[in-house]
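Undergrad: Dropping in data.cif, which is mmCIF, C-alpha atoms and all ligand atoms:
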data_model
#
loop_
_atom_site.group_PDB
_atom_site.id
_atom_site.type_symbol
_atom_site.label_atom_id
_atom_site.label_comp_id
_atom_site.auth_asym_id
_atom_site.auth_seq_id
_atom_site.Cartn_x
_atom_site.Cartn_y
_atom_site.Cartn_z
ATOM 1 C CA MET H 895 80.268 161.075 101.426
ATOM 2 C CA ILE H 896 81.879 164.329 102.448
ATOM 3 C CA ASN H 897 80.688 167.918 102.582
ATOM 4 C CA ALA H 898 82.790 170.283 100.492
ATOM 5 C CA SER H 899 82.491 174.070 100.681
ATOM 6 C CA PHE H 900 83.843 177.305 99.342
ATOM 7 C CA LEU H 901 84.025 180.710 100.983
ATOM 8 C CA GLN H 902 83.511 183.508 98.471
ATOM 9 C CA PHE H 903 84.552 186.823 100.033
ATOM 10 C CA ALA H 904 86.708 189.926 99.592
ATOM 11 C CA PRO H 905 90.035 189.976 101.468
ATOM 12 C CA VAL H 906 91.144 193.472 102.507
ATOM 13 C CA LEU H 907 94.206 194.573 100.528
ATOM 14 C CA ALA H 908 97.336 194.447 102.723
ATOM 15 C CA ASP H 909 95.323 194.175 105.972
ATOM 16 C CA LEU H 910 95.580 190.643 107.355
ATOM 17 C CA ASP H 911 93.964 191.408 110.739
ATOM 18 C CA LEU H 912 90.847 192.830 109.140
ATOM 19 C CA THR H 913 90.753 189.955 106.635
ATOM 20 C CA ILE H 914 90.985 187.400 109.450
ATOM 21 C CA SER H 915 88.109 189.056 111.311
ATOM 22 C CA ILE H 916 85.959 188.892 108.154
ATOM 23 C CA ILE H 917 86.788 185.196 107.633
ATOM 24 C CA GLU H 918 86.112 184.506 111.317
ATOM 25 C CA ASN H 919 82.580 185.882 110.930
ATOM 26 C CA HIS H 920 81.974 183.675 107.895
ATOM 27 C CA PHE H 921 83.320 180.624 109.740
ATOM 28 C CA LYS H 922 80.483 180.995 112.273
ATOM 29 C CA LYS H 923 78.070 180.035 109.470
ATOM 30 C CA LEU H 924 79.953 176.897 108.422
ATOM 31 C CA LYS H 925 78.284 173.669 109.605
ATOM 32 C CA ASN H 926 79.495 170.087 109.252
ATOM 33 C CA SER H 927 81.900 170.624 106.411
ATOM 34 C CA ASN H 928 84.920 168.398 105.753
ATOM 35 C CA LEU H 929 86.720 170.605 103.225
ATOM 36 C CA LEU H 930 86.651 174.376 102.733
ATOM 37 C CA VAL H 931 88.331 176.296 99.895
ATOM 38 C CA LEU H 932 89.142 180.023 100.127
ATOM 39 C CA PRO H 933 90.187 182.366 97.278
ATOM 40 C CA GLU H 934 93.612 183.154 95.814
ATOM 41 C CA LEU H 935 95.917 185.451 97.853
ATOM 42 C CA ALA H 936 93.425 185.414 100.719
ATOM 43 C CA ASN H 937 96.024 186.645 103.251
ATOM 44 C CA SER H 938 96.936 189.769 101.274
ATOM 45 C CA GLY H 939 94.525 190.768 98.517
ATOM 46 C CA TYR H 940 95.581 190.915 94.865
ATOM 47 C CA ASN H 941 96.061 194.303 93.242
ATOM 48 C CA PHE H 942 99.186 195.615 95.002
ATOM 49 C CA ILE H 943 100.105 199.227 94.289
ATOM 50 C CA SER H 944 103.836 198.483 94.713
ATOM 51 C CA LYS H 945 106.292 195.632 95.152
ATOM 52 C CA LYS H 946 106.804 196.932 98.690
ATOM 53 C CA MET H 947 103.118 196.385 99.461
ATOM 54 C CA ALA H 948 103.279 192.859 98.022
ATOM 55 C CA VAL H 949 106.367 192.015 100.120
ATOM 56 C CA GLN H 950 104.963 193.520 103.307
ATOM 57 C CA SER H 951 101.764 191.507 103.024
ATOM 58 C CA ALA H 952 103.498 188.202 102.205
ATOM 59 C CA GLU H 953 104.066 185.490 104.822
ATOM 60 C CA ILE H 954 106.593 182.753 105.436
ATOM 61 C CA VAL H 955 104.941 179.337 105.767
ATOM 62 C CA LYS H 956 106.515 178.576 109.158
ATOM 63 C CA LYS H 957 105.669 182.002 110.642
ATOM 64 C CA SER H 958 102.246 182.759 109.258
ATOM 65 C CA LYS H 959 99.590 184.362 111.437
ATOM 66 C CA TYR H 960 97.074 183.469 108.727
ATOM 67 C CA PHE H 961 97.926 179.755 108.894
ATOM 68 C CA GLU H 962 97.882 179.764 112.701
ATOM 69 C CA PHE H 963 94.349 181.120 112.530
ATOM 70 C CA LEU H 964 93.260 178.568 109.902
ATOM 71 C CA ILE H 965 94.940 175.582 111.596
ATOM 72 C CA ASP H 966 93.222 176.458 114.863
ATOM 73 C CA PHE H 967 89.892 176.315 113.006
ATOM 74 C CA CYS H 968 90.853 173.010 111.301
ATOM 75 C CA LYS H 969 91.587 171.457 114.703
ATOM 76 C CA LYS H 970 88.402 172.707 116.355
ATOM 77 C CA GLN H 971 86.161 171.743 113.435
ATOM 78 C CA ASN H 972 88.044 168.642 112.207
ATOM 79 C CA ILE H 973 88.109 170.138 108.727
ATOM 80 C CA PHE H 974 90.591 170.450 105.825
ATOM 81 C CA ILE H 975 91.205 173.897 104.333
ATOM 82 C CA VAL H 976 92.706 174.999 101.027
ATOM 83 C CA SER H 977 93.542 178.680 100.668
ATOM 84 C CA GLY H 978 95.492 180.888 98.343
ATOM 85 C CA PHE H 979 98.230 182.903 100.052
ATOM 86 C CA ASN H 980 100.966 185.383 99.300
ATOM 87 C CA GLU H 981 104.091 183.388 100.150
ATOM 88 C CA LYS H 982 107.546 184.739 100.894
ATOM 89 C CA GLU H 983 110.601 182.517 100.709
ATOM 90 C CA GLY H 984 113.849 184.439 101.147
ATOM 91 C CA SER H 985 113.461 187.506 98.954
ATOM 92 C CA ILE H 986 111.103 185.762 96.498
ATOM 93 C CA LEU H 987 107.299 185.903 96.459
ATOM 94 C CA TYR H 988 105.085 183.123 95.159
ATOM 95 C CA ASN H 989 101.368 183.115 94.493
ATOM 96 C CA SER H 990 100.703 179.898 96.420
ATOM 97 C CA SER H 991 97.982 177.660 97.772
ATOM 98 C CA ILE H 992 98.158 175.767 101.039
ATOM 99 C CA LEU H 993 96.467 172.566 102.228
ATOM 100 C CA LEU H 994 95.884 172.404 105.979
ATOM 101 C CA GLY H 995 94.100 169.811 108.107
ATOM 102 C CA PRO H 996 93.252 168.927 111.698
ATOM 103 C CA LYS H 997 96.896 167.944 112.229
ATOM 104 C CA GLY H 998 98.252 171.166 110.703
ATOM 105 C CA TYR H 999 100.234 171.864 107.551
ATOM 106 C CA ILE H 1000 99.983 169.232 104.774
ATOM 107 C CA GLY H 1001 101.433 170.842 101.649
ATOM 108 C CA LYS H 1002 101.460 173.654 99.160
ATOM 109 C CA TYR H 1003 101.346 174.444 95.447
ATOM 110 C CA ARG H 1004 102.781 177.477 93.642
ATOM 111 C CA LYS H 1005 100.830 178.998 90.739
ATOM 112 C CA MET H 1006 102.403 178.066 87.406
ATOM 113 C CA HIS H 1007 100.800 180.545 85.008
ATOM 114 C CA SER H 1008 101.123 184.272 85.710
ATOM 115 C CA PHE H 1009 98.195 186.494 84.757
ATOM 116 C CA PHE H 1010 98.689 190.076 83.521
ATOM 117 C CA ASN H 1011 100.797 192.052 86.070
ATOM 118 C CA GLU H 1012 101.481 189.158 88.442
ATOM 119 C CA SER H 1013 105.006 188.648 87.103
ATOM 120 C CA LYS H 1014 105.909 192.089 88.595
ATOM 121 C CA PHE H 1015 105.453 190.568 92.034
ATOM 122 C CA PHE H 1016 105.628 186.786 91.870
ATOM 123 C CA GLN H 1017 107.987 184.167 90.580
ATOM 124 C CA LYS H 1018 106.316 181.339 88.629
ATOM 125 C CA GLY H 1019 105.653 178.043 90.420
ATOM 126 C CA ASN H 1020 108.469 175.535 90.833
ATOM 127 C CA LEU H 1021 106.865 172.720 92.834
ATOM 128 C CA GLY H 1022 105.195 170.790 90.015
ATOM 129 C CA PHE H 1023 101.607 169.631 90.476
ATOM 130 C CA PRO H 1024 101.470 167.794 93.795
ATOM 131 C CA VAL H 1025 98.525 165.625 94.866
ATOM 132 C CA PHE H 1026 98.084 165.097 98.595
ATOM 133 C CA LYS H 1027 96.524 161.932 99.993
ATOM 134 C CA THR H 1028 94.199 162.710 102.908
ATOM 135 C CA GLU H 1029 91.499 160.817 104.778
ATOM 136 C CA ILE H 1030 88.829 162.713 102.772
ATOM 137 C CA GLY H 1031 90.413 161.961 99.355
ATOM 138 C CA ASN H 1032 93.326 162.920 97.141
ATOM 139 C CA ILE H 1033 93.568 166.681 96.809
ATOM 140 C CA GLY H 1034 95.242 168.662 94.021
ATOM 141 C CA MET H 1035 95.365 172.442 93.675
ATOM 142 C CA LEU H 1036 95.372 174.962 90.826
ATOM 143 C CA ILE H 1037 95.238 178.737 91.159
ATOM 144 C CA CYS H 1038 92.990 181.018 89.125
ATOM 145 C CA TYR H 1039 94.441 181.532 85.591
ATOM 146 C CA ASP H 1040 95.863 177.994 85.695
ATOM 147 C CA TRP H 1041 92.289 177.035 84.676
ATOM 148 C CA MET H 1042 93.068 178.019 81.067
ATOM 149 C CA PHE H 1043 95.509 175.128 80.574
ATOM 150 C CA PRO H 1044 93.809 171.742 80.084
ATOM 151 C CA GLU H 1045 97.161 170.011 80.557
ATOM 152 C CA VAL H 1046 97.326 170.849 84.268
ATOM 153 C CA TRP H 1047 93.875 169.483 85.092
ATOM 154 C CA ARG H 1048 94.820 166.310 83.225
ATOM 155 C CA ILE H 1049 98.152 165.985 85.069
ATOM 156 C CA LEU H 1050 96.389 166.227 88.433
ATOM 157 C CA ALA H 1051 93.756 163.684 87.342
ATOM 158 C CA LEU H 1052 96.476 161.301 86.094
ATOM 159 C CA LYS H 1053 98.141 161.704 89.496
ATOM 160 C CA LYS H 1054 94.884 160.439 91.008
ATOM 161 C CA ALA H 1055 93.464 163.684 92.356
ATOM 162 C CA ASP H 1056 89.836 163.152 93.433
ATOM 163 C CA ILE H 1057 89.163 166.821 94.132
ATOM 164 C CA ILE H 1058 90.851 169.761 92.417
ATOM 165 C CA CYS H 1059 90.659 172.865 94.588
ATOM 166 C CA HIS H 1060 90.909 176.123 92.691
ATOM 167 C CA PRO H 1061 91.429 179.287 94.769
ATOM 168 C CA SER H 1062 90.819 182.218 92.424
ATOM 169 C CA ASN H 1063 90.716 185.999 91.930
ATOM 170 C CA LEU H 1064 89.055 185.858 88.518
ATOM 171 C CA VAL H 1065 88.576 189.101 86.666
ATOM 172 C CA LEU H 1066 87.508 187.588 83.331
ATOM 173 C CA PRO H 1067 84.125 185.818 83.296
ATOM 174 C CA TYR H 1068 85.061 182.651 81.381
ATOM 175 C CA ALA H 1069 86.506 180.223 83.895
ATOM 176 C CA GLN H 1070 83.151 179.587 85.510
ATOM 177 C CA GLN H 1071 81.973 178.127 82.164
ATOM 178 C CA ALA H 1072 85.144 176.155 81.507
ATOM 179 C CA VAL H 1073 85.655 174.529 84.912
ATOM 180 C CA PRO H 1074 82.610 172.187 84.646
ATOM 181 C CA VAL H 1075 84.110 170.873 81.396
ATOM 182 C CA HIS H 1076 87.481 170.254 83.044
ATOM 183 C CA ALA H 1077 85.611 168.349 85.786
ATOM 184 C CA LEU H 1078 83.741 166.301 83.177
ATOM 185 C CA ILE H 1079 86.629 165.383 80.891
ATOM 186 C CA ASN H 1080 88.876 164.413 83.795
ATOM 187 C CA LYS H 1081 86.134 162.870 85.945
ATOM 188 C CA VAL H 1082 87.059 164.796 89.083
ATOM 189 C CA PHE H 1083 85.312 167.025 91.572
ATOM 190 C CA THR H 1084 86.287 170.692 91.381
ATOM 191 C CA ILE H 1085 85.885 173.529 93.881
ATOM 192 C CA THR H 1086 86.509 177.042 92.562
ATOM 193 C CA ALA H 1087 86.558 179.639 95.367
ATOM 194 C CA ASN H 1088 86.579 183.015 93.673
ATOM 195 C CA ARG H 1089 86.577 186.410 95.339
ATOM 196 C CA VAL H 1090 84.244 189.370 94.954
ATOM 197 C CA GLY H 1091 84.697 193.125 95.268
ATOM 198 C CA THR H 1092 86.967 195.665 93.659
ATOM 199 C CA GLU H 1093 90.607 196.641 94.162
ATOM 200 C CA GLY H 1094 91.738 199.726 92.220
ATOM 201 C CA ASN H 1095 90.866 199.148 88.569
ATOM 202 C CA LEU H 1096 90.060 195.448 89.013
ATOM 203 C CA SER H 1097 86.643 193.952 89.740
ATOM 204 C CA PHE H 1098 86.404 190.294 90.607
ATOM 205 C CA THR H 1099 83.719 188.111 89.095
ATOM 206 C CA GLY H 1100 82.514 185.846 91.952
ATOM 207 C CA LYS H 1101 80.314 182.931 90.811
ATOM 208 C CA SER H 1102 82.326 180.389 92.761
ATOM 209 C CA LEU H 1103 81.244 176.834 92.049
ATOM 210 C CA ILE H 1104 81.502 173.163 92.971
ATOM 211 C CA CYS H 1105 81.294 170.624 90.109
ATOM 212 C CA ASN H 1106 80.954 166.863 89.976
ATOM 213 C CA PRO H 1107 82.633 164.433 87.526
ATOM 214 C CA LEU H 1108 79.621 164.704 85.189
ATOM 215 C CA GLY H 1109 80.294 168.421 84.811
ATOM 216 C CA GLU H 1110 77.198 169.264 86.848
ATOM 217 C CA VAL H 1111 77.287 172.333 89.074
ATOM 218 C CA LEU H 1112 76.385 171.184 92.599
ATOM 219 C CA ALA H 1113 76.625 174.590 94.283
ATOM 220 C CA HIS H 1114 77.303 178.109 93.083
ATOM 221 C CA ALA H 1115 77.387 181.692 94.301
ATOM 222 C CA ASN H 1116 76.352 184.888 92.536
ATOM 223 C CA GLU H 1117 78.738 187.512 91.157
ATOM 224 C CA LYS H 1118 78.750 189.889 94.129
ATOM 225 C CA ASP H 1119 77.825 188.437 97.529
ATOM 226 C CA GLU H 1120 80.097 187.077 100.204
ATOM 227 C CA THR H 1121 78.866 183.578 101.006
ATOM 228 C CA ILE H 1122 79.701 180.040 102.012
ATOM 229 C CA CYS H 1123 78.185 177.245 99.899
ATOM 230 C CA THR H 1124 78.393 173.512 100.542
ATOM 231 C CA ALA H 1125 77.705 170.383 98.471
ATOM 232 C CA GLU H 1126 77.724 166.726 99.394
ATOM 233 C CA ILE H 1127 80.225 164.813 97.276
ATOM 234 C CA ASP H 1128 80.862 161.096 96.866
ATOM 235 C CA ILE H 1129 84.548 160.523 96.228
ATOM 236 C CA SER H 1130 84.007 156.846 95.319
ATOM 237 C CA ILE H 1131 82.565 157.807 91.906
ATOM 238 C CA VAL H 1132 85.756 159.618 90.841
ATOM 239 C CA ARG H 1133 88.114 156.692 90.735
ATOM 240 C CA ASN H 1134 86.332 154.783 87.986
ATOM 241 C CA LYS H 1135 87.494 156.483 84.784
ATOM 242 C CA LYS H 1136 85.285 154.348 82.508
ATOM 243 C CA ILE H 1137 82.479 156.153 80.686
ATOM 244 C CA THR H 1138 81.173 152.976 78.993
ATOM 245 C CA PRO H 1139 82.147 149.341 79.629
ATOM 246 C CA LYS H 1140 84.543 149.772 76.661
ATOM 247 C CA ASN H 1141 85.814 153.321 77.168
ATOM 248 C CA HIS H 1142 88.330 154.466 79.748
ATOM 249 C CA ILE H 1143 89.182 158.170 79.513
ATOM 250 C CA PHE H 1144 92.871 157.664 80.244
ATOM 251 C CA LYS H 1145 93.483 154.337 78.489
ATOM 252 C CA ASP H 1146 91.765 155.585 75.302
ATOM 253 C CA ARG H 1147 94.195 158.497 74.928
ATOM 254 C CA ARG H 1148 96.454 158.416 71.829
ATOM 255 C CA ILE H 1149 99.584 159.771 73.464
ATOM 256 C CA ASP H 1150 101.579 158.328 70.562
ATOM 257 C CA GLU H 1151 99.926 161.034 68.404
ATOM 258 C CA TYR H 1152 100.154 163.964 70.841
ATOM 259 C CA GLY H 1153 103.731 165.058 70.066
ATOM 260 C CA GLU H 1154 102.696 168.661 69.180
ATOM 261 C CA LEU H 1155 101.763 169.195 72.811
ATOM 262 C CA PHE H 1156 105.410 169.100 73.798
ATOM 263 C CA LYS H 1157 106.748 171.584 71.207
HETATM 264 C C1 LIG A 1 94.101 185.464 87.972
HETATM 265 O O1 LIG A 1 94.826 184.539 87.624
HETATM 266 N N1 LIG A 1 94.119 185.944 89.204
HETATM 267 C C2 LIG A 1 93.170 186.075 87.008
#
Can you give me the file's structure in the form of structure tokens?
TA:
Amino acid sequence: MINASFLQFAPVLADLDLTISIIENHFKKLKNSNLLVLPELANSGYNFISKKMAVQSAEIVKKSKYFEFLIDFCKKQNIFIVSGFNEKEGSILYNSSILLGPKGYIGKYRKMHSFFNESKFFQKGNLGFPVFKTEIGNIGMLICYDWMFPEVWRILALKKADIICHPSNLVLPYAQQAVPVHALINKVFTITANRVGTEGNLSFTGKSLICNPLGEVLAHANEKDETICTAEIDISIVRNKKITPKNHIFKDRRIDEYGELFK
């Protein structure tokens, strides 16, 4: 059994120091958790008014004040953290997600599907769909609008992800209904950490949630409040993909008939 949590909050646009102080206050309320997920672009905010603002609030993985702060917390609390972040590599920005643990940096994912204006700032992901083996389970990551594509949940489940962490800045209200179904049909745990608040003309829809492989919601937040929620999850139930003694959700697939998917 492990305790899995999300932090639903509002990062401050282009103000990392203030954002860190807000997260630090929330961290004081976190007790006995093994895994914490934070929202998309948590080191920068989302609705940049210019490319310059996006670039100035991006960080390089090896020189990130945000990661230093999170890794310090991981070490002190013996916890794993997944967080969205605005990543700079050379002159390119990616909308990325990082996995950190008590020993530091573990890996990252770059968002594959760009939503609305994101392509003005970010290049699409180019790291595939990695799954990272850790002592608390196999962890895969998706970011916000990636939720709309059933293929990517399935790829992570086929790659033996136990928990799919889903940092988000959702503006549409649908994902919170769809994610339990993705959890159910792939038999995985999911943790969606959405943000709240408003930036310019965008309001974010909150309602972060943790789901089990039966599609049940184990913990959820409301649409407006900053909060940390935690649920106890049992990773051992994820690895059995049978739903009856005669039905295995991966072995029963008819991939010989799925050709249209690749057109
Ligand atoms: C989104 O992908 N941030 C809606």
Undergrad: Can you tell me, as an MDAnalysis selection string, what residues are no more than 7 Å from Ile1085 in chain H when counting all atoms listed in the file, ignoring any on the same chain fewer than 2 positions away?
TA: chainID H and resid 900 1058:1060 1083 1087 1103:1105
Undergrad: Could you put an axis-aligned box around every listed atom of ligand LIG 1 (chain A), padded by 4 Å on each side, and send me its centre and edge lengths in Å to one decimal, as lines of an AutoDock Vina configuration file?
TA:
center_x = 94.0
center_y = 185.3
center_z = 88.1
size_x = 9.7
size_y = 9.5
size_z = 10.2
Undergrad: Starting from the displayed file, determine the output of the PyMOL selection byres (((chain H and resi 970) around 12) and not hetatm) and express the residue list as a VMD selection string.
TA: chain H and resid 921 926 928 963 to 969 971 to 974 995 to 998
Undergrad: When you look at Val906 in chain H with a cut-off of 8 Å (counting all atoms listed in the file), what residues show up, excluding the ones that are within fewer than 6 positions of it in the same chain? I need them as a PyMOL selection string.
TA: chain H and resi 912-913+938-939
Undergrad: Any chance you could resolve the PyMOL selection byres (((chain H and resi 927) around 8) and not hetatm) against this file and give the residues as a VMD selection string?
TA: chain H and resid 896 to 899 924 to 926 928 to 930 973 1124
Undergrad: Could you list, with a cut-off of 6 Å and counting all atoms listed in the file, the residues of chain H near ligand LIG 1 (chain A), each shown with its nearest atom pair and the distance in Å rounded to one decimal, rows sorted by chain and ascending number, as JSON lines?
TA:
{"residue": "H:Phe1009", "atom": "CA", "partner": "A:LIG1", "partner_atom": "O1", "distance": 4.8}
{"residue": "H:Cys1038", "atom": "CA", "partner": "A:LIG1", "partner_atom": "O1", "distance": 4.2}
{"residue": "H:Tyr1039", "atom": "CA", "partner": "A:LIG1", "partner_atom": "O1", "distance": 3.7}
{"residue": "H:Ser1062", "atom": "CA", "partner": "A:LIG1", "partner_atom": "N1", "distance": 5.9}
{"residue": "H:Asn1063", "atom": "CA", "partner": "A:LIG1", "partner_atom": "N1", "distance": 4.4}
{"residue": "H:Leu1064", "atom": "CA", "partner": "A:LIG1", "partner_atom": "C2", "distance": 4.4}
{"residue": "H:Val1065", "atom": "CA", "partner": "A:LIG1", "partner_atom": "C2", "distance": 5.5}
Undergrad: Determine the residue set returned by the PyMOL selection byres (((chain H and resi 1142-1150) around 10) and not hetatm) for the present structure, and present it as a ChimeraX atom specification.
TA: /H:1048,1051-1052,1079-1081,1134-1141,1151-1153,1155
Undergrad: Between H:Val1073, H:Asp911, H:Asn1020, H:Phe1026, which is the closest to Pro1044 in chain H once you count only C-alpha atoms?
TA: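 Of all the options, H:Val1073 lies closest to Pro1044 in chain H.
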Undergrad: Out of H:Leu1096, H:Asn980, H:Leu987, H:Gly1034, which residue has the shortest atom-to-atom distance to Ile1000 in chain H when counting all atoms listed in the file?
TA: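 For Ile1000 in chain H, the nearest of the candidates is H:Gly1034.
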Undergrad: Which residue, H:Leu1078, H:Ala936, H:Val931, H:Ala1072, has the smallest gap to Met1035 in chain H when you use all atoms listed in the file?
TA: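 That would be H:Val931, the residue with the smallest distance to Met1035 in chain H.
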Undergrad: Using all atoms listed in the file, which of the listed residues (H:Gly1109, H:Pro1061, H:Pro1024, H:Pro905) sits closest to Val1082 in chain H?
TA: H:Gly1109
Undergrad: Within 12 Å of (105.3, 185.5, 109.2) in the file's own coordinates, which protein, DNA or RNA residues have an atom, counting all atoms listed in the file? List them as a list of chain:residue names.
TA: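 Here is the list of nearby residues: H:Leu910, H:Asn937, H:Val949, H:Gln950, H:Ser951, H:Ala952, H:Glu953, H:Ile954, H:Val955, H:Lys956, H:Lys957, H:Ser958, H:Lys959, H:Tyr960, H:Phe961, H:Glu962, H:Phe979, H:Asn980, H:Glu981, H:Lys982, H:Glu983, H:Gly984.
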Undergrad: Quick one: pull the distance between CA of Phe1023 in chain H and CA of Arg1004 in chain H, Å, one decimal.
TA: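 CA of Arg1004 in chain H lies at a distance of 8.5 Å from CA of Phe1023 in chain H.
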Undergrad: So that I can check the surroundings of Tyr988 in chain H, please list as JSON, numbers by chain every protein, DNA and RNA residue that reaches within 6 Å of it, counting only C-alpha atoms and ignoring chain neighbours fewer than 2 positions away.
TA: {"H": [981, 990, 1016, 1017]}
Undergrad: Please complete range 988-1009 of chain H with N, CA and C atoms and give it back as a compact mmCIF listing (two decimals), keeping the file's coordinate frame.
TA:
# COMPACT_ATOMS: atom_id res chain seq x y z
N TYR H 988 105.83 184.06 95.99
CA TYR H 988 105.08 183.12 95.16
C TYR H 988 103.60 183.32 95.42
N ASN H 989 102.82 183.13 94.37
CA ASN H 989 101.37 183.12 94.49
C ASN H 989 101.01 181.64 94.75
N SER H 990 100.75 181.31 96.00
CA SER H 990 100.70 179.90 96.42
C SER H 990 99.34 179.51 96.95
N SER H 991 99.19 178.20 97.14
CA SER H 991 97.98 177.66 97.77
C SER H 991 98.42 176.63 98.81
N ILE H 992 97.76 176.64 99.93
CA ILE H 992 98.16 175.77 101.04
C ILE H 992 97.05 174.75 101.30
N LEU H 993 97.44 173.55 101.73
CA LEU H 993 96.47 172.57 102.23
C LEU H 993 96.77 172.33 103.70
N LEU H 994 95.76 172.58 104.53
CA LEU H 994 95.88 172.40 105.98
C LEU H 994 94.81 171.42 106.44
N GLY H 995 95.09 170.74 107.56
CA GLY H 995 94.10 169.81 108.11
C GLY H 995 94.11 169.83 109.62
N PRO H 996 93.33 168.94 110.23
CA PRO H 996 93.25 168.93 111.70
C PRO H 996 94.61 168.70 112.37
N LYS H 997 95.56 168.12 111.64
CA LYS H 997 96.90 167.94 112.23
C LYS H 997 97.87 169.03 111.77
N GLY H 998 97.39 170.05 111.09
CA GLY H 998 98.25 171.17 110.70
C GLY H 998 98.58 171.19 109.23
N TYR H 999 99.80 171.65 108.94
CA TYR H 999 100.23 171.86 107.55
C TYR H 999 100.37 170.54 106.81
N ILE H 1000 99.83 170.45 105.59
CA ILE H 1000 99.98 169.23 104.77
C ILE H 1000 100.87 169.51 103.55
N GLY H 1001 100.60 170.59 102.83
CA GLY H 1001 101.43 170.84 101.65
C GLY H 1001 101.01 172.11 100.94
N LYS H 1002 101.78 172.43 99.89
CA LYS H 1002 101.46 173.65 99.16
C LYS H 1002 101.74 173.47 97.67
N TYR H 1003 101.16 174.38 96.90
CA TYR H 1003 101.35 174.44 95.45
C TYR H 1003 101.65 175.90 95.11
N ARG H 1004 102.48 176.10 94.07
CA ARG H 1004 102.78 177.48 93.64
C ARG H 1004 102.28 177.68 92.22
N LYS H 1005 101.50 178.73 92.03
CA LYS H 1005 100.83 179.00 90.74
C LYS H 1005 101.84 178.98 89.59
N MET H 1006 101.49 178.25 88.54
CA MET H 1006 102.40 178.07 87.41
C MET H 1006 102.28 179.16 86.36
N HIS H 1007 101.05 179.65 86.14
CA HIS H 1007 100.80 180.54 85.01
C HIS H 1007 100.47 181.94 85.52
N SER H 1008 101.32 182.91 85.20
CA SER H 1008 101.12 184.27 85.71
C SER H 1008 100.13 185.03 84.84
N PHE H 1009 99.21 185.70 85.48
CA PHE H 1009 98.20 186.49 84.76
C PHE H 1009 98.58 187.98 84.80
